[in-house]
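Here's the structure we're looking at; comments come further down.
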Amino acid sequence: MQVVEQTYGHKPFYLSAIEDDRIVGVLPLSLIDSRVFGRHLVSVPFFSYGGVLANTDQAIDALLTSATERGKELNVRHIELRQGHELSTAWTGVAPKVTMESELPANVDELLGRLSPKMRKRIRYSRNHGLEARWGGPEAITEFYPIFATNMRNLGTPVYPRSWFENICREVPGEIRILTIYDSGKPVAAGFISLFRGTVELPWAASIPEARDKFSTLLLYWSLLEWSLENGFQRVDLGRCTPGSGNHEFKRRWVCKERPLNWYYGLINGAAVPKLRTGSPKYRFAISLWKHLPLPVATALGPLVVRGLP
């Protein structure tokens, strides 16, 4: 929440449920106020998880009631609860995204053995043709961010500001790793990785088109899984995606479990559940236009747009 406020200026609200002078539940919310996308409250925006955390159903109900009251006071359209798992509530639930989780086996041979022969062949090909994986910390943002910004522009999507990644590294030192794939010394793919207890998460990854014929993305994901296993982690969260998308199909190749990401909406004064109609002509035109922007322009404009799209 501190990173969100530092990077985007969104005002935080911290709700807590108290019983016998003891905290039994918490719910952090950020106020997103956009002229284009409206005014709403979001629990831990820009991430997949971060909803209500409580010991009892009574504490959950109290926090959601308090959130609704605060939403009315702030004149928001809705409250978005990024719960990540099922929650018993009267709020409207949706699960348009899934996260892909790989439970790690006992050793690297078993990890490699559960991949298809085609996948194993391509991983060997990438290593035999000059690609190299290197692990780094915050200093590697210098290599990561240009690749990420280029990839986002090519997808027609506004990019996060570089300060977003720098602020995360500063707030949680020691819990962030950056994995970079090099082709003859040139960075061509990279992933921004977080570590928490027994789980490694890959929320953001990107590659440049010129290196994909050497399967740079495959080597990135394989290096992530291999490193995680060798360093004692139990699972790798490969990040959220839309079922049926190309990204979803790619992640399925790593023998993952799909887990629905349950988000819930508290609708204020009869508002509707927000929907981003990606198939509409207007949306397709915006994507096409963004893809054709010069990279420096897209990188400069992206942060101004994305702050309202958490």
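Here's how to read the names in the structure tokens: chain A, B, ... by the order shown, residue numbers from 1 in each chain, ligand numbers from 1 in the order shown.
Residues in contact with A:Pro296 at 10 Å, where only C-alpha atoms are counted and same-chain residues fewer than 4 positions away are skipped, are listed as Ala149, Thr150, Arg153, Ala300, Leu301 and Gly302 of chain A.
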Just N, CA and C atoms for this one: save the residues we selected as an mmCIF file, in the first residue's frame.
```cif
data_model
loop_
_atom_site.group_PDB
_atom_site.id
_atom_site.type_symbol
_atom_site.label_atom_id
_atom_site.label_comp_id
_atom_site.auth_asym_id
_atom_site.auth_seq_id
_atom_site.Cartn_x
_atom_site.Cartn_y
_atom_site.Cartn_z
ATOM 1 N N ALA A 149 8.879 -2.301 -20.966
ATOM 2 C CA ALA A 149 8.195 -1.181 -21.632
ATOM 3 C C ALA A 149 7.987 -1.473 -23.115
ATOM 4 N N THR A 150 8.973 -2.072 -23.759
ATOM 5 C CA THR A 150 8.840 -2.423 -25.181
ATOM 6 C C THR A 150 7.745 -3.455 -25.378
ATOM 7 N N ARG A 153 4.240 -1.888 -24.929
ATOM 8 C CA ARG A 153 3.870 -1.080 -26.096
ATOM 9 C C ARG A 153 3.439 -1.991 -27.252
ATOM 10 N N ALA A 300 6.345 7.310 -21.916
ATOM 11 C CA ALA A 300 6.044 8.536 -21.161
ATOM 12 C C ALA A 300 4.559 8.647 -20.822
ATOM 13 N N LEU A 301 3.694 8.257 -21.763
ATOM 14 C CA LEU A 301 2.251 8.392 -21.562
ATOM 15 C C LEU A 301 1.668 7.261 -20.705
ATOM 16 N N GLY A 302 2.268 6.062 -20.797
ATOM 17 C CA GLY A 302 1.724 4.898 -20.110
ATOM 18 C C GLY A 302 1.433 5.109 -18.635
#
```
Which residues are close to A:Ser66, i.e. within 12 Å by only C-alpha atoms, leaving aside same-chain residues fewer than 3 positions away? Reply as number ranges by chain. A: 13-17, 25-29, 52, 59-63, 69-73, 79, 266
Find the nearest atom pair between each residue of stretch 183-208 of chain A and stretch 128-140 of chain A for residues within 10 Å, count only C-alpha atoms, give distances in Å to one decimal, sort rows by chain and ascending number, and present the table as CSV.
```
residue,atom,partner,partner_atom,distance
A:Asp183,CA,A:Leu131,CA,4.7
A:Ser184,CA,A:Gly130,CA,5.7
A:Gly185,CA,A:Glu132,CA,8.4
A:Lys186,CA,A:Leu131,CA,9.3
A:Pro187,CA,A:Glu132,CA,9.4
A:Val188,CA,A:Leu131,CA,9.0
A:Ala189,CA,A:Ala133,CA,9.3
A:Ala190,CA,A:Ala133,CA,9.2
A:Gly191,CA,A:Trp135,CA,9.8
A:Phe192,CA,A:Gly137,CA,9.4
A:Ile193,CA,A:Gly137,CA,9.6
```
What would the file look like if the residues just selected were written as a short mmCIF file (atom, residue, chain, number, x, y, z; two decimals), in the first residue's frame with N, CA and C atoms?
```cif
data_model
loop_
_atom_site.label_atom_id
_atom_site.label_comp_id
_atom_site.auth_asym_id
_atom_site.auth_seq_id
_atom_site.Cartn_x
_atom_site.Cartn_y
_atom_site.Cartn_z
N ASP A 183 21.39 -12.60 -24.66
CA ASP A 183 21.79 -13.21 -25.93
C ASP A 183 23.08 -12.54 -26.37
N SER A 184 24.19 -13.26 -26.22
CA SER A 184 25.52 -12.71 -26.54
C SER A 184 25.76 -11.38 -25.84
N GLY A 185 25.38 -11.31 -24.57
CA GLY A 185 25.61 -10.13 -23.76
C GLY A 185 24.51 -9.08 -23.80
N LYS A 186 23.48 -9.27 -24.65
CA LYS A 186 22.39 -8.30 -24.76
C LYS A 186 21.17 -8.82 -24.02
N PRO A 187 20.56 -8.02 -23.11
CA PRO A 187 19.35 -8.48 -22.42
C PRO A 187 18.16 -8.57 -23.37
N VAL A 188 17.51 -9.75 -23.41
CA VAL A 188 16.42 -9.96 -24.37
C VAL A 188 15.13 -10.42 -23.70
N ALA A 189 15.18 -10.84 -22.44
CA ALA A 189 13.99 -11.24 -21.71
C ALA A 189 14.27 -11.05 -20.22
N ALA A 190 13.22 -10.78 -19.45
CA ALA A 190 13.43 -10.54 -18.02
C ALA A 190 12.14 -10.75 -17.25
N GLY A 191 12.30 -11.12 -15.98
CA GLY A 191 11.15 -11.29 -15.09
C GLY A 191 11.39 -10.61 -13.76
N PHE A 192 10.35 -9.99 -13.22
CA PHE A 192 10.39 -9.33 -11.91
C PHE A 192 9.72 -10.28 -10.93
N ILE A 193 10.45 -10.75 -9.93
CA ILE A 193 10.05 -11.90 -9.13
C ILE A 193 10.01 -11.54 -7.65
#
```
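Restricting the calculation to only C-alpha atoms, the smallest distance between A:Ser207 and any of A:Pro146, A:Gly232, A:Pro96, A:Gly246 is found for A:Pro146.
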Closest pair table for stretch 61-147 of chain A residues within 9 Å of stretch 194-206 of chain A, only C-alpha atoms, as JSON lines:
```
{"residue": "A:Glu101", "atom": "CA", "partner": "A:Glu201", "partner_atom": "CA", "distance": 9.0}
{"residue": "A:Phe144", "atom": "CA", "partner": "A:Ala206", "partner_atom": "CA", "distance": 8.2}
{"residue": "A:Ile147", "atom": "CA", "partner": "A:Ala206", "partner_atom": "CA", "distance": 6.2}
```
Output C-alpha atoms for every residue in that selection, as a tab-separated table (two decimals), in the first residue's frame.
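Saved as out-v6.tsv:
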```
chain	number	residue	atom	x	y	z
A	101	GLU	CA	0.71	-22.46	-9.89
A	144	PHE	CA	14.36	-5.25	-17.02
A	147	ILE	CA	12.32	-4.87	-22.15
```
Contacts of A:His292 within 12 Å, only C-alpha atoms, excl. fewer than 6 positions in-chain, as a PyMOL selection string: chain A and resi 150+152-157+285-286+298
Hey, what's within 12 Å of A:Val108 if we count only C-alpha atoms and toss same-chain stuff fewer than 6 positions away? As a PDB file with C-alpha atoms, in the first residue's frame, please?
```
ATOM      1  CA  ARG A 114       7.337 -33.724 -16.574  1.00  0.00           C
ATOM      2  CA  LEU A 115       7.792 -31.359 -19.510  1.00  0.00           C
ATOM      3  CA  TRP A 222      12.666 -22.821 -16.923  1.00  0.00           C
ATOM      4  CA  SER A 223      15.435 -20.898 -15.127  1.00  0.00           C
ATOM      5  CA  LEU A 224      12.837 -19.538 -12.677  1.00  0.00           C
ATOM      6  CA  LEU A 225      11.488 -23.010 -11.856  1.00  0.00           C
ATOM      7  CA  GLU A 226      14.951 -24.570 -11.621  1.00  0.00           C
ATOM      8  CA  TRP A 227      16.279 -21.824  -9.314  1.00  0.00           C
ATOM      9  CA  SER A 228      13.172 -21.959  -7.109  1.00  0.00           C
ATOM     10  CA  LEU A 229      13.506 -25.711  -6.611  1.00  0.00           C
ATOM     11  CA  GLU A 230      17.236 -25.530  -5.915  1.00  0.00           C
ATOM     12  CA  ASN A 231      16.665 -22.781  -3.332  1.00  0.00           C
ATOM     13  CA  GLY A 232      14.094 -24.702  -1.313  1.00  0.00           C
TER      14      GLY A 232
END
```
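Closest approach to A:Leu41 from the set A:Ile268, A:Val297, A:Ile178, A:Ile18 is made by A:Ile268, with distances taken over only C-alpha atoms.
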List the spatial neighbours of A:Glu103 as a PyMOL selection string - criterion: any atom at most 9 Å away, only C-alpha atoms, same-chain residues fewer than 4 positions off excluded. chain A and resi 234-237+255-257
Quick one: pick out all helix (DSSP H, G or I) residues within stretch 29-164 of chain A from a backbone DSSP run and write them as a ChimeraX atom specification. /A:57-73,108-113,117-128,138-155,162-164
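Taking atom CA of A:His85 and atom CA of A:Pro260 as the two end points, the separation is 7.3 Å.
Minimum atom-to-atom distance to A:Val24, evaluated using only C-alpha atoms, belongs to A:Ala54 out of A:Asn75, A:Ala106, A:Ala54, A:Arg39.
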Could you pull the residues within 10 Å of A:Lys11, counting only C-alpha atoms, minus those fewer than 6 positions along the same chain, as a count of residues only? 10
